[in-house]
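Asks: My structure is stored as data.pdb, with PDB, C-alpha atoms.
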```
MODEL        1
ATOM      1  CA  MET A1345      -9.879  17.589  24.648
ATOM      2  CA  VAL A1346     -10.704  15.508  21.592
ATOM      3  CA  SER A1347     -11.269  18.690  19.619
ATOM      4  CA  LEU A1348      -7.673  19.710  20.340
ATOM      5  CA  PHE A1349      -6.400  16.487  18.768
ATOM      6  CA  VAL A1350      -8.640  17.061  15.753
ATOM      7  CA  ALA A1351      -7.299  20.608  15.474
ATOM      8  CA  LEU A1352      -3.740  19.281  15.751
ATOM      9  CA  ALA A1353      -4.424  16.828  12.923
ATOM     10  CA  VAL A1354      -5.940  19.522  10.695
ATOM     11  CA  VAL A1355      -3.120  21.985  11.325
ATOM     12  CA  GLY A1356      -0.505  19.267  10.815
ATOM     13  CA  LEU A1357      -1.956  18.173   7.486
ATOM     14  CA  ARG A1358      -2.348  21.763   6.285
ATOM     15  CA  SER A1359       1.259  22.518   7.113
ATOM     16  CA  ALA A1360       2.305  19.332   5.316
ATOM     17  CA  GLN A1361       0.548  20.547   2.180
ATOM     18  CA  ARG A1362       2.385  23.872   2.420
ATOM     19  CA  ALA A1363       5.814  22.305   2.929
ATOM     20  CA  PRO A1364       8.417  23.552   0.447
ATOM     21  CA  ASP A1365       9.686  20.061  -0.441
ATOM     22  CA  ALA A1366       8.498  16.445  -0.437
ATOM     23  CA  PHE A1367      10.642  15.425   2.519
ATOM     24  CA  GLY A1368       9.189  18.136   4.739
ATOM     25  CA  GLY A1369       5.660  17.183   3.730
ATOM     26  CA  LEU A1370       6.205  13.509   4.400
ATOM     27  CA  LEU A1371       7.879  14.275   7.707
ATOM     28  CA  MET A1372       4.956  16.430   8.809
ATOM     29  CA  VAL A1373       2.405  13.834   7.710
ATOM     30  CA  GLY A1374       4.315  11.142   9.594
ATOM     31  CA  ILE A1375       4.494  13.150  12.806
ATOM     32  CA  THR A1376       0.824  14.113  12.550
ATOM     33  CA  VAL A1377      -0.342  10.554  11.894
ATOM     34  CA  TRP A1378       1.889   9.251  14.684
ATOM     35  CA  ILE A1379       0.451  11.600  17.314
ATOM     36  CA  THR A1380      -3.127  11.292  16.057
ATOM     37  CA  ALA A1381      -3.028   7.481  15.926
ATOM     38  CA  GLN A1382      -1.676   7.312  19.472
ATOM     39  CA  ALA A1383      -4.456   9.615  20.640
ATOM     40  CA  VAL A1384      -7.131   7.544  18.893
ATOM     41  CA  LEU A1385      -5.784   4.304  20.369
ATOM     42  CA  ASN A1386      -5.562   5.811  23.851
ATOM     43  CA  ILE A1387      -9.041   7.324  23.717
ATOM     44  CA  GLY A1388     -10.480   4.100  22.314
ATOM     45  CA  ALA A1389      -8.937   2.036  25.109
ATOM     46  CA  VAL A1390     -10.125   4.437  27.808
ATOM     47  CA  ILE A1391     -13.751   4.494  26.652
ATOM     48  CA  GLY A1392     -13.782   0.727  26.073
ATOM     49  CA  ILE A1393     -14.030   0.506  22.288
ATOM     50  CA  LEU A1394     -10.535  -0.957  21.852
ATOM     51  CA  PRO A1395      -8.967  -3.685  24.005
ATOM     52  CA  VAL A1396      -6.541  -2.544  26.669
ATOM     53  CA  THR A1397      -4.244  -5.553  26.270
ATOM     54  CA  GLY A1398      -3.271  -7.337  23.103
ATOM     55  CA  VAL A1399      -1.840 -10.617  21.957
ATOM     56  CA  PRO A1400       1.859 -10.887  22.844
ATOM     57  CA  LEU A1401       4.386 -11.264  20.071
ATOM     58  CA  PRO A1402       5.966 -14.722  19.967
ATOM     59  CA  LEU A1403       9.406 -14.938  21.630
ATOM     60  CA  VAL A1404       9.135 -11.300  22.784
ATOM     61  CA  SER A1405       6.917 -11.502  25.875
ATOM     62  CA  PHE A1406       8.838 -10.939  29.103
ATOM     63  CA  GLY A1407       9.022 -14.161  31.112
ATOM     64  CA  GLY A1408       8.557 -16.545  28.190
ATOM     65  CA  SER A1409       4.786 -16.875  28.660
ATOM     66  CA  SER A1410       4.227 -16.354  24.939
ATOM     67  CA  LEU A1411       5.997 -19.652  24.212
ATOM     68  CA  THR A1412       3.246 -21.679  25.939
ATOM     69  CA  SER A1413       0.302 -20.473  23.881
TER      70      SER A1413
ENDMDL
END
```
Please express the file's structure as structure tokens.
Replies:
Amino acid sequence: MVSLFVALAVVGLRSAQRAPDAFGGLLMVGITVWITAQAVLNIGAVIGILPVTGVPLPLVSFGGSSLTS
């Protein structure tokens, strides 16, 4: 499964290099990085390398619990 994400990243970056204009290339790089970064974060959390929960943003946490810390 991980190899499919690597293949997606390679194909996405190759197609970004072959884009006819700068906007298309940047759009393809952005979409590729977005999907690949989400996959890396998800895989890292599942295998225990990355934390599952993070620090809440101040004034954003539901219930106001971030105001007490």
Asks: Which value, in Å to one decimal, gives the distance between CA of Gly1369 in chain A and CA of Gln1382 in chain A?
Replies: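 Spanning CA of Gly1369 in chain A to CA of Gln1382 in chain A is a straight-line distance of 20.0 Å.
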Asks: Using only C-alpha atoms, determine which residues lie at most 12 Å from Thr1376 in chain A, disregarding the query and same-chain residues fewer than 5 positions distant; provide the list as a PyMOL selection string.
Replies: chain A and resi 1349-1360+1369-1371+1381-1383
Asks: Hey, could you pull the box centre and edge lengths for range 1347-1351 of chain A, axis-aligned, 5 Å padding per side, all listed atoms, to one decimal in Å, as AutoDock Vina command-line options?
Replies:
```
--center_x -8.8 --center_y 18.5 --center_z 17.9 --size_x 14.9 --size_y 14.1 --size_z 14.9
```
Asks: CA of Ile1379 in chain A and CA of Leu1348 in chain A, how far apart in Å?
Replies: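 That distance, rounded to one decimal, is 11.9 Å.
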Asks: Interatomic distance between CA of Ile1391 in chain A and CA of Val1373 in chain A?
Replies: 26.6 Å
